[in-house]
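What's in query.tsv: TSV, N, CA and C atoms
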```tsv
chain	number	residue	atom	x	y	z
F	1	GLN	N	0.84	-1.19	0.00
F	1	GLN	CA	0.00	0.00	0.00
F	1	GLN	C	0.87	1.24	0.00
F	2	VAL	N	0.43	2.27	-0.69
F	2	VAL	CA	1.18	3.51	-0.74
F	2	VAL	C	0.46	4.55	0.11
F	3	GLN	N	1.22	5.37	0.77
F	3	GLN	CA	0.66	6.48	1.54
F	3	GLN	C	0.79	7.75	0.71
F	4	LEU	N	-0.29	8.50	0.65
F	4	LEU	CA	-0.34	9.72	-0.15
F	4	LEU	C	-0.71	10.89	0.75
F	5	VAL	N	0.07	11.94	0.70
F	5	VAL	CA	-0.19	13.11	1.55
F	5	VAL	C	-0.23	14.35	0.67
F	6	GLU	N	-1.40	14.99	0.65
F	6	GLU	CA	-1.58	16.21	-0.13
F	6	GLU	C	-1.29	17.45	0.71
F	7	SER	N	-0.95	18.52	0.02
F	7	SER	CA	-0.79	19.81	0.68
F	7	SER	C	-1.01	20.91	-0.36
F	8	GLY	N	-1.24	22.12	0.13
F	8	GLY	CA	-1.33	23.26	-0.77
F	8	GLY	C	-2.71	23.85	-0.97
F	9	GLY	N	-3.72	23.27	-0.37
F	9	GLY	CA	-5.05	23.84	-0.54
F	9	GLY	C	-5.18	25.18	0.15
F	10	GLY	N	-6.30	25.85	-0.10
F	10	GLY	CA	-6.52	27.14	0.54
F	10	GLY	C	-7.73	27.84	-0.03
F	11	VAL	N	-7.86	29.11	0.34
F	11	VAL	CA	-8.96	29.95	-0.13
F	11	VAL	C	-8.39	31.03	-1.04
F	12	VAL	N	-8.91	31.10	-2.24
F	12	VAL	CA	-8.46	32.09	-3.22
F	12	VAL	C	-9.67	32.72	-3.88
F	13	GLN	N	-9.39	33.76	-4.66
F	13	GLN	CA	-10.47	34.41	-5.41
F	13	GLN	C	-10.48	33.90	-6.84
F	14	ALA	N	-11.61	34.07	-7.48
F	14	ALA	CA	-11.74	33.66	-8.87
F	14	ALA	C	-10.66	34.34	-9.71
F	15	GLY	N	-10.03	33.56	-10.57
F	15	GLY	CA	-8.96	34.08	-11.41
F	15	GLY	C	-7.57	33.86	-10.84
F	16	ASP	N	-7.52	33.54	-9.56
F	16	ASP	CA	-6.22	33.31	-8.92
F	16	ASP	C	-5.67	31.94	-9.29
F	17	SER	N	-4.45	31.69	-8.82
F	17	SER	CA	-3.78	30.40	-9.03
F	17	SER	C	-3.47	29.74	-7.69
F	18	LEU	N	-3.33	28.44	-7.74
F	18	LEU	CA	-3.01	27.67	-6.54
F	18	LEU	C	-2.28	26.41	-6.99
F	19	SER	N	-1.35	25.95	-6.18
F	19	SER	CA	-0.61	24.74	-6.52
F	19	SER	C	-0.76	23.71	-5.41
F	20	LEU	N	-1.08	22.49	-5.79
F	20	LEU	CA	-1.19	21.38	-4.86
F	20	LEU	C	-0.02	20.43	-5.05
F	21	SER	N	0.35	19.77	-3.96
F	21	SER	CA	1.40	18.76	-4.02
F	21	SER	C	0.91	17.48	-3.36
F	22	CYS	N	1.47	16.37	-3.78
F	22	CYS	CA	1.15	15.08	-3.17
F	22	CYS	C	2.41	14.24	-3.15
F	23	VAL	N	2.80	13.82	-1.96
F	23	VAL	CA	3.97	12.98	-1.80
F	23	VAL	C	3.54	11.55	-1.57
F	24	ALA	N	4.12	10.64	-2.32
F	24	ALA	CA	3.82	9.21	-2.17
F	24	ALA	C	4.96	8.51	-1.48
F	25	SER	N	4.62	7.60	-0.60
F	25	SER	CA	5.64	6.78	0.07
F	25	SER	C	5.12	5.36	0.22
F	26	GLY	N	6.04	4.41	0.31
F	26	GLY	CA	5.64	3.03	0.50
F	26	GLY	C	5.95	2.14	-0.67
F	27	ARG	N	5.83	2.68	-1.87
F	27	ARG	CA	6.18	1.91	-3.06
F	27	ARG	C	6.29	2.87	-4.24
F	28	THR	N	6.88	2.39	-5.31
F	28	THR	CA	6.95	3.19	-6.52
F	28	THR	C	5.57	3.28	-7.14
F	29	VAL	N	5.21	4.48	-7.54
F	29	VAL	CA	3.88	4.71	-8.09
F	29	VAL	C	3.99	5.00	-9.58
F	30	GLY	N	3.34	4.17	-10.38
F	30	GLY	CA	3.42	4.33	-11.82
F	30	GLY	C	2.55	5.45	-12.35
F	31	VAL	N	1.35	5.57	-11.82
F	31	VAL	CA	0.42	6.63	-12.21
F	31	VAL	C	-0.01	7.36	-10.94
F	32	MET	N	-0.02	8.67	-11.02
F	32	MET	CA	-0.57	9.47	-9.92
F	32	MET	C	-1.63	10.37	-10.49
F	33	GLY	N	-2.75	10.44	-9.80
F	33	GLY	CA	-3.86	11.23	-10.30
F	33	GLY	C	-4.44	12.15	-9.25
F	34	TRP	N	-5.21	13.11	-9.73
F	34	TRP	CA	-5.95	14.02	-8.86
F	34	TRP	C	-7.44	13.87	-9.16
F	35	PHE	N	-8.22	13.80	-8.11
F	35	PHE	CA	-9.66	13.81	-8.18
F	35	PHE	C	-10.15	14.95	-7.30
F	36	ARG	N	-11.41	15.31	-7.45
F	36	ARG	CA	-12.00	16.31	-6.57
F	36	ARG	C	-13.45	15.96	-6.28
F	37	GLN	N	-13.91	16.43	-5.14
F	37	GLN	CA	-15.29	16.18	-4.74
F	37	GLN	C	-15.87	17.42	-4.10
F	38	ALA	N	-16.88	17.95	-4.74
F	38	ALA	CA	-17.60	19.11	-4.22
F	38	ALA	C	-18.74	18.62	-3.35
F	39	PRO	N	-19.22	19.45	-2.44
F	39	PRO	CA	-20.32	19.04	-1.56
F	39	PRO	C	-21.53	18.57	-2.35
F	40	GLY	N	-22.03	17.41	-1.99
F	40	GLY	CA	-23.21	16.88	-2.64
F	40	GLY	C	-22.99	16.29	-4.01
F	41	LYS	N	-21.73	16.22	-4.44
F	41	LYS	CA	-21.44	15.70	-5.78
F	41	LYS	C	-20.54	14.48	-5.70
F	42	GLU	N	-20.50	13.74	-6.81
F	42	GLU	CA	-19.62	12.59	-6.91
F	42	GLU	C	-18.16	13.03	-7.03
F	43	ARG	N	-17.28	12.16	-6.58
F	43	ARG	CA	-15.85	12.44	-6.77
F	43	ARG	C	-15.54	12.30	-8.25
F	44	GLU	N	-14.86	13.30	-8.81
F	44	GLU	CA	-14.60	13.29	-10.24
F	44	GLU	C	-13.12	13.39	-10.56
F	45	PHE	N	-12.77	12.82	-11.68
F	45	PHE	CA	-11.39	12.84	-12.14
F	45	PHE	C	-10.99	14.26	-12.56
F	46	VAL	N	-9.75	14.61	-12.26
F	46	VAL	CA	-9.22	15.93	-12.65
F	46	VAL	C	-8.06	15.76	-13.64
F	47	ALA	N	-7.04	15.01	-13.23
F	47	ALA	CA	-5.86	14.85	-14.08
F	47	ALA	C	-5.04	13.68	-13.57
F	48	ALA	N	-4.19	13.15	-14.44
F	48	ALA	CA	-3.29	12.06	-14.04
F	48	ALA	C	-2.04	12.12	-14.89
F	49	ILE	N	-0.96	11.52	-14.36
F	49	ILE	CA	0.32	11.54	-15.04
F	49	ILE	C	1.04	10.22	-14.79
F	50	THR	N	1.75	9.74	-15.81
F	50	THR	CA	2.50	8.50	-15.67
F	50	THR	C	3.94	8.78	-15.29
F	51	SER	N	4.59	7.79	-14.70
F	51	SER	CA	5.99	7.94	-14.33
F	51	SER	C	6.90	7.78	-15.55
F	52	VAL	N	6.45	6.97	-16.51
F	52	VAL	CA	7.23	6.74	-17.72
F	52	VAL	C	6.80	7.74	-18.79
F	53	ARG	N	7.71	8.57	-19.18
F	53	ARG	CA	7.49	9.60	-20.21
F	53	ARG	C	6.58	10.73	-19.79
F	54	GLY	N	6.06	10.69	-18.58
F	54	GLY	CA	5.23	11.79	-18.09
F	54	GLY	C	4.00	12.06	-18.94
F	55	ARG	N	3.36	10.99	-19.41
F	55	ARG	CA	2.13	11.19	-20.17
F	55	ARG	C	1.05	11.72	-19.26
F	56	THR	N	0.21	12.62	-19.78
F	56	THR	CA	-0.82	13.24	-18.96
F	56	THR	C	-2.19	13.14	-19.62
F	57	THR	N	-3.21	13.27	-18.78
F	57	THR	CA	-4.57	13.35	-19.27
F	57	THR	C	-5.36	14.23	-18.31
F	58	TYR	N	-6.33	14.96	-18.84
F	58	TYR	CA	-7.08	15.92	-18.06
F	58	TYR	C	-8.58	15.77	-18.30
F	59	ALA	N	-9.35	16.18	-17.31
F	59	ALA	CA	-10.78	16.34	-17.50
F	59	ALA	C	-11.00	17.57	-18.38
F	60	ASP	N	-12.04	17.53	-19.19
F	60	ASP	CA	-12.32	18.65	-20.08
F	60	ASP	C	-12.52	19.95	-19.31
F	61	SER	N	-13.07	19.84	-18.11
F	61	SER	CA	-13.40	21.04	-17.33
F	61	SER	C	-12.17	21.80	-16.86
F	62	VAL	N	-11.01	21.17	-16.85
F	62	VAL	CA	-9.80	21.84	-16.36
F	62	VAL	C	-8.73	21.98	-17.43
F	63	LYS	N	-8.98	21.39	-18.59
F	63	LYS	CA	-7.98	21.43	-19.67
F	63	LYS	C	-7.68	22.87	-20.05
F	64	GLY	N	-6.38	23.18	-20.12
F	64	GLY	CA	-5.97	24.53	-20.46
F	64	GLY	C	-5.79	25.43	-19.26
F	65	ARG	N	-6.31	25.03	-18.11
F	65	ARG	CA	-6.18	25.83	-16.89
F	65	ARG	C	-5.30	25.14	-15.85
F	66	PHE	N	-5.38	23.81	-15.78
F	66	PHE	CA	-4.62	23.05	-14.80
F	66	PHE	C	-3.48	22.32	-15.50
F	67	THR	N	-2.38	22.17	-14.77
F	67	THR	CA	-1.24	21.42	-15.29
F	67	THR	C	-0.75	20.45	-14.22
F	68	ILE	N	-0.66	19.18	-14.59
F	68	ILE	CA	-0.14	18.18	-13.67
F	68	ILE	C	1.30	17.88	-14.05
F	69	SER	N	2.13	17.69	-13.05
F	69	SER	CA	3.53	17.35	-13.28
F	69	SER	C	4.00	16.47	-12.13
F	70	ARG	N	5.17	15.89	-12.30
F	70	ARG	CA	5.67	15.04	-11.22
F	70	ARG	C	7.19	15.05	-11.19
F	71	ASP	N	7.71	14.77	-10.01
F	71	ASP	CA	9.14	14.61	-9.79
F	71	ASP	C	9.33	13.18	-9.33
F	72	ASN	N	9.77	12.32	-10.23
F	72	ASN	CA	9.89	10.90	-9.90
F	72	ASN	C	10.90	10.65	-8.79
F	73	ALA	N	11.94	11.44	-8.75
F	73	ALA	CA	12.96	11.25	-7.72
F	73	ALA	C	12.38	11.49	-6.33
F	74	LYS	N	11.40	12.39	-6.25
F	74	LYS	CA	10.78	12.71	-4.97
F	74	LYS	C	9.44	11.99	-4.79
F	75	ASN	N	9.04	11.22	-5.80
F	75	ASN	CA	7.75	10.52	-5.77
F	75	ASN	C	6.63	11.50	-5.43
F	76	THR	N	6.68	12.64	-6.09
F	76	THR	CA	5.75	13.73	-5.81
F	76	THR	C	5.05	14.15	-7.08
F	77	VAL	N	3.76	14.42	-6.97
F	77	VAL	CA	2.99	14.95	-8.09
F	77	VAL	C	2.46	16.33	-7.70
F	78	TYR	N	2.38	17.20	-8.70
F	78	TYR	CA	1.94	18.56	-8.48
F	78	TYR	C	0.73	18.84	-9.36
F	79	LEU	N	-0.12	19.75	-8.91
F	79	LEU	CA	-1.24	20.22	-9.72
F	79	LEU	C	-1.24	21.75	-9.66
F	80	GLN	N	-0.84	22.35	-10.75
F	80	GLN	CA	-0.86	23.80	-10.85
F	80	GLN	C	-2.22	24.21	-11.40
F	81	MET	N	-2.94	25.00	-10.64
F	81	MET	CA	-4.29	25.40	-11.02
F	81	MET	C	-4.31	26.90	-11.28
F	82	ASN	N	-4.58	27.28	-12.50
F	82	ASN	CA	-4.66	28.69	-12.89
F	82	ASN	C	-6.08	29.06	-13.28
F	83	SER	N	-6.35	30.35	-13.31
F	83	SER	CA	-7.67	30.85	-13.70
F	83	SER	C	-8.78	30.10	-12.97
F	84	LEU	N	-8.62	30.02	-11.67
F	84	LEU	CA	-9.58	29.25	-10.87
F	84	LEU	C	-10.96	29.88	-10.91
F	85	LYS	N	-11.96	29.00	-10.87
F	85	LYS	CA	-13.36	29.41	-10.91
F	85	LYS	C	-14.05	28.92	-9.64
F	86	PRO	N	-15.15	29.57	-9.25
F	86	PRO	CA	-15.88	29.09	-8.07
F	86	PRO	C	-16.27	27.61	-8.18
F	87	GLU	N	-16.54	27.15	-9.39
F	87	GLU	CA	-16.93	25.75	-9.56
F	87	GLU	C	-15.76	24.78	-9.38
F	88	ASP	N	-14.56	25.29	-9.20
F	88	ASP	CA	-13.41	24.44	-8.88
F	88	ASP	C	-13.34	24.14	-7.38
F	89	THR	N	-14.20	24.79	-6.61
F	89	THR	CA	-14.24	24.56	-5.17
F	89	THR	C	-14.57	23.10	-4.87
F	90	ALA	N	-13.70	22.45	-4.11
F	90	ALA	CA	-13.87	21.03	-3.80
F	90	ALA	C	-12.75	20.58	-2.87
F	91	VAL	N	-12.90	19.37	-2.36
F	91	VAL	CA	-11.78	18.70	-1.71
F	91	VAL	C	-11.03	17.95	-2.81
F	92	TYR	N	-9.74	18.19	-2.90
F	92	TYR	CA	-8.91	17.57	-3.92
F	92	TYR	C	-8.14	16.41	-3.31
F	93	TYR	N	-8.23	15.27	-4.00
F	93	TYR	CA	-7.60	14.04	-3.52
F	93	TYR	C	-6.54	13.58	-4.50
F	94	CYS	N	-5.44	13.16	-3.95
F	94	CYS	CA	-4.39	12.48	-4.73
F	94	CYS	C	-4.69	10.99	-4.68
F	95	ALA	N	-4.42	10.29	-5.77
F	95	ALA	CA	-4.74	8.86	-5.82
F	95	ALA	C	-3.75	8.12	-6.70
F	96	ALA	N	-3.64	6.81	-6.44
F	96	ALA	CA	-2.74	5.97	-7.23
F	96	ALA	C	-3.34	4.59	-7.40
F	97	PRO	N	-3.25	4.04	-8.61
F	97	PRO	CA	-3.70	2.66	-8.81
F	97	PRO	C	-2.58	1.71	-8.42
F	98	LYS	N	-2.95	0.48	-8.02
F	98	LYS	CA	-1.92	-0.51	-7.67
F	98	LYS	C	-1.20	-1.00	-8.92
F	99	THR	N	-1.93	-1.08	-10.01
F	99	THR	CA	-1.32	-1.56	-11.24
F	99	THR	C	-1.80	-0.71	-12.41
F	100	TYR	N	-0.98	-0.65	-13.43
F	100	TYR	CA	-1.41	-0.02	-14.67
F	100	TYR	C	-0.54	-0.56	-15.77
F	101	THR	N	-0.99	-0.43	-16.98
F	101	THR	CA	-0.26	-0.93	-18.12
F	101	THR	C	0.60	0.19	-18.69
F	102	VAL	N	1.91	-0.03	-18.65
F	102	VAL	CA	2.83	0.99	-19.17
F	102	VAL	C	2.50	1.23	-20.64
F	103	PHE	N	2.36	2.47	-21.02
F	103	PHE	CA	2.01	2.92	-22.36
F	103	PHE	C	0.56	2.58	-22.72
F	104	GLY	N	-0.19	2.06	-21.75
F	104	GLY	CA	-1.61	1.82	-21.98
F	104	GLY	C	-2.42	3.06	-21.64
F	105	GLN	N	-3.74	2.90	-21.64
F	105	GLN	CA	-4.61	4.02	-21.34
F	105	GLN	C	-4.44	4.43	-19.88
F	106	ILE	N	-4.34	5.72	-19.62
F	106	ILE	CA	-4.18	6.21	-18.26
F	106	ILE	C	-5.52	6.11	-17.53
F	107	PRO	N	-5.54	5.52	-16.34
F	107	PRO	CA	-6.80	5.37	-15.61
F	107	PRO	C	-7.45	6.72	-15.33
F	108	LYS	N	-8.78	6.77	-15.50
F	108	LYS	CA	-9.50	8.02	-15.30
F	108	LYS	C	-10.75	7.85	-14.44
F	109	THR	N	-11.03	6.64	-14.02
F	109	THR	CA	-12.23	6.43	-13.20
F	109	THR	C	-11.84	6.13	-11.76
F	110	ARG	N	-12.72	6.50	-10.87
F	110	ARG	CA	-12.46	6.32	-9.44
F	110	ARG	C	-12.16	4.87	-9.11
F	111	SER	N	-12.86	3.96	-9.71
F	111	SER	CA	-12.72	2.53	-9.39
F	111	SER	C	-11.36	1.97	-9.78
F	112	GLU	N	-10.65	2.65	-10.65
F	112	GLU	CA	-9.33	2.18	-11.08
F	112	GLU	C	-8.22	2.57	-10.11
F	113	TYR	N	-8.54	3.41	-9.15
F	113	TYR	CA	-7.55	3.87	-8.20
F	113	TYR	C	-7.75	3.20	-6.85
F	114	ASP	N	-6.66	2.77	-6.25
F	114	ASP	CA	-6.74	1.97	-5.03
F	114	ASP	C	-6.33	2.72	-3.77
F	115	ASP	N	-5.38	3.59	-3.91
F	115	ASP	CA	-4.86	4.30	-2.74
F	115	ASP	C	-5.20	5.79	-2.85
F	116	TRP	N	-5.60	6.37	-1.73
F	116	TRP	CA	-6.07	7.76	-1.71
F	116	TRP	C	-5.44	8.54	-0.58
F	117	GLY	N	-5.21	9.82	-0.82
F	117	GLY	CA	-4.80	10.70	0.25
F	117	GLY	C	-6.00	11.16	1.05
F	118	GLN	N	-5.71	11.99	2.05
F	118	GLN	CA	-6.79	12.44	2.95
F	118	GLN	C	-7.56	13.61	2.37
F	119	GLY	N	-7.02	14.24	1.34
F	119	GLY	CA	-7.69	15.36	0.69
F	119	GLY	C	-7.25	16.71	1.23
F	120	THR	N	-7.35	17.71	0.37
F	120	THR	CA	-7.05	19.08	0.75
F	120	THR	C	-8.11	19.99	0.16
F	121	GLN	N	-8.60	20.93	0.96
F	121	GLN	CA	-9.71	21.78	0.55
F	121	GLN	C	-9.22	22.94	-0.32
F	122	VAL	N	-9.90	23.13	-1.43
F	122	VAL	CA	-9.68	24.30	-2.28
F	122	VAL	C	-11.00	25.05	-2.37
F	123	THR	N	-10.97	26.32	-2.00
F	123	THR	CA	-12.17	27.14	-2.04
F	123	THR	C	-11.88	28.37	-2.90
F	124	VAL	N	-12.72	28.56	-3.91
F	124	VAL	CA	-12.57	29.69	-4.81
F	124	VAL	C	-13.79	30.60	-4.64
F	125	SER	N	-13.55	31.80	-4.20
F	125	SER	CA	-14.66	32.74	-3.99
F	125	SER	C	-14.83	33.62	-5.23
F	126	SER	N	-16.06	34.03	-5.45
F	126	SER	CA	-16.35	34.85	-6.64
F	126	SER	C	-16.19	36.33	-6.37
```
As a first step, turn the structure in this file into structure tokens.
Amino acid sequence: QVQLVESGGGVVQAGDSLSLSCVASGRTVGVMGWFRQAPGKEREFVAAITSVRGRTTYADSVKGRFTISRDNAKNTVYLQMNSLKPEDTAVYYCAAPKTYTVFGQIPKTRSEYDDWGQGTQVTVSS
């Protein structure tokens, strides 16, 4: 099992930027992803990145505004969030699947991820 610890959440205004970090420990993580959950809503995929070649994938709602990156040496993934909107308000979770196929499709559904962080709150005021 891998332990995931997020940091970097906070309260910002619409249009501002915020950066989240997630450190993984316990095992090498091939894919690291970010999900978010707003009050009363399902947890939804945000972005994910692979350790090999740094392939990325994003939800349409954040494409062009959010950037995911990782430092394999530090087993850390980052989520740079720009042009934040009130609808980005949510608890953001870092997640990792136990297995994935190298060069295969990057997991994007909640059920494909096995390990989760405790979450960090992001609040965007209008």
Using all atoms listed in the file, which residues of range 28-126 of chain F come within 5 Å of range 3-22 of chain F, and what is the closest atom pair for each, with the distance in Å to one decimal? Give it as a Markdown table, sorted by chain and residue number.
```
| residue | atom | partner | partner_atom | distance |
| --- | --- | --- | --- | --- |
| F:Thr76 | CA | F:Cys22 | C | 4.3 |
| F:Val77 | C | F:Cys22 | N | 4.0 |
| F:Tyr78 | CA | F:Leu20 | C | 4.4 |
| F:Leu79 | N | F:Leu20 | C | 3.9 |
| F:Gln80 | CA | F:Ser19 | CA | 4.4 |
| F:Met81 | N | F:Leu18 | C | 4.0 |
| F:Asn82 | CA | F:Ser17 | CA | 4.3 |
| F:Ser83 | CA | F:Gly15 | C | 4.2 |
| F:Leu84 | C | F:Gly15 | N | 3.8 |
| F:Lys85 | N | F:Gly15 | N | 5.0 |
| F:Gly117 | CA | F:Leu4 | C | 4.1 |
| F:Thr120 | C | F:Gly9 | CA | 5.0 |
| F:Gln121 | C | F:Gly10 | N | 4.1 |
| F:Val122 | CA | F:Gly10 | N | 4.3 |
| F:Thr123 | N | F:Gly10 | C | 4.1 |
| F:Val124 | CA | F:Val12 | C | 4.3 |
| F:Ser125 | C | F:Ala14 | N | 4.0 |
| F:Ser126 | CA | F:Ala14 | N | 4.9 |
```
Restricting it to N, CA and C atoms, dump the selection as a short mmCIF file (atom, residue, chain, number, x, y, z; two decimals), in the frame of the given file.
```cif
data_model
loop_
_atom_site.label_atom_id
_atom_site.label_comp_id
_atom_site.auth_asym_id
_atom_site.auth_seq_id
_atom_site.Cartn_x
_atom_site.Cartn_y
_atom_site.Cartn_z
N THR F 76 6.68 12.64 -6.09
CA THR F 76 5.75 13.73 -5.81
C THR F 76 5.05 14.15 -7.08
N VAL F 77 3.76 14.42 -6.97
CA VAL F 77 2.99 14.95 -8.09
C VAL F 77 2.46 16.33 -7.70
N TYR F 78 2.38 17.20 -8.70
CA TYR F 78 1.94 18.56 -8.48
C TYR F 78 0.73 18.84 -9.36
N LEU F 79 -0.12 19.75 -8.91
CA LEU F 79 -1.24 20.22 -9.72
C LEU F 79 -1.24 21.75 -9.66
N GLN F 80 -0.84 22.35 -10.75
CA GLN F 80 -0.86 23.80 -10.85
C GLN F 80 -2.22 24.21 -11.40
N MET F 81 -2.94 25.00 -10.64
CA MET F 81 -4.29 25.40 -11.02
C MET F 81 -4.31 26.90 -11.28
N ASN F 82 -4.58 27.28 -12.50
CA ASN F 82 -4.66 28.69 -12.89
C ASN F 82 -6.08 29.06 -13.28
N SER F 83 -6.35 30.35 -13.31
CA SER F 83 -7.67 30.85 -13.70
C SER F 83 -8.78 30.10 -12.97
N LEU F 84 -8.62 30.02 -11.67
CA LEU F 84 -9.58 29.25 -10.87
C LEU F 84 -10.96 29.88 -10.91
N LYS F 85 -11.96 29.00 -10.87
CA LYS F 85 -13.36 29.41 -10.91
C LYS F 85 -14.05 28.92 -9.64
N GLY F 117 -5.21 9.82 -0.82
CA GLY F 117 -4.80 10.70 0.25
C GLY F 117 -6.00 11.16 1.05
N THR F 120 -7.35 17.71 0.37
CA THR F 120 -7.05 19.08 0.75
C THR F 120 -8.11 19.99 0.16
N GLN F 121 -8.60 20.93 0.96
CA GLN F 121 -9.71 21.78 0.55
C GLN F 121 -9.22 22.94 -0.32
N VAL F 122 -9.90 23.13 -1.43
CA VAL F 122 -9.68 24.30 -2.28
C VAL F 122 -11.00 25.05 -2.37
N THR F 123 -10.97 26.32 -2.00
CA THR F 123 -12.17 27.14 -2.04
C THR F 123 -11.88 28.37 -2.90
N VAL F 124 -12.72 28.56 -3.91
CA VAL F 124 -12.57 29.69 -4.81
C VAL F 124 -13.79 30.60 -4.64
N SER F 125 -13.55 31.80 -4.20
CA SER F 125 -14.66 32.74 -3.99
C SER F 125 -14.83 33.62 -5.23
N SER F 126 -16.06 34.03 -5.45
CA SER F 126 -16.35 34.85 -6.64
C SER F 126 -16.19 36.33 -6.37
#
```
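In this model, the gap between CA of Ala96 in chain F and CA of Asp114 in chain F comes to 6.1 Å.
Each of F:Asn72, F:Thr99, F:Tyr58, F:Gln1 was compared to Val23 in chain F using only C-alpha atoms, and F:Asn72 turns out to be the nearest.
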Quick one: axis-aligned box around all listed atoms of range 44-54 of chain F, 5 Å on every side, centre and edge lengths in Å to one decimal, written as lines of an AutoDock Vina configuration file.
```
center_x = -3.6
center_y = 11.3
center_z = -14.5
size_x = 32.6
size_y = 19.2
size_z = 21.4
```
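Coordinates place atom N of Arg65 in chain F at a distance of 18.6 Å from atom C of Pro107 in chain F.
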* Could you give me, as a PyMOL selection string, each residue of chain F that DSSP assigns to strand (DSSP E or B) when run on this structure's backbone? => chain F and resi 3-7+10-13+18-25+31-37+44-50+56-58+66-71+76-81+90-96+115-116+120-125
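All residues of protein, DNA or RNA that reach within 10 Å of Thr28 in chain F, judged by only C-alpha atoms and not counting those fewer than 6 positions away in the chain, are Val2, Ser51, Asn72, Asn75 and Lys98 of chain F.
Using all atoms listed in the file for every distance, the candidate list F:Ala47, F:Glu87, F:Arg55, F:Tyr93 yields F:Ala47 as the residue closest to Lys108 in chain F.
Our summary of the geometry notes that CA of Ala48 in chain F is positioned 5.6 Å from CA of Met32 in chain F.
Note that DSSP on the backbone gives helix (DSSP H, G or I) to these residues of chain F: F:Asn72, F:Ala73, F:Lys74, F:Pro86, F:Glu87, F:Asp88, F:Arg110, F:Ser111, F:Glu112.
Residue nearest Val91 in chain F, chosen from F:Arg70, F:Arg27, F:Arg110, F:Arg36 and counting only N, CA and C atoms: F:Arg36.
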* **For Gly30 in chain F: contacts at 6.5 Å, all atoms listed in the file, fewer than 4 positions along chain excluded, given as an MDAnalysis selection string** => chainID F and resid 49:52
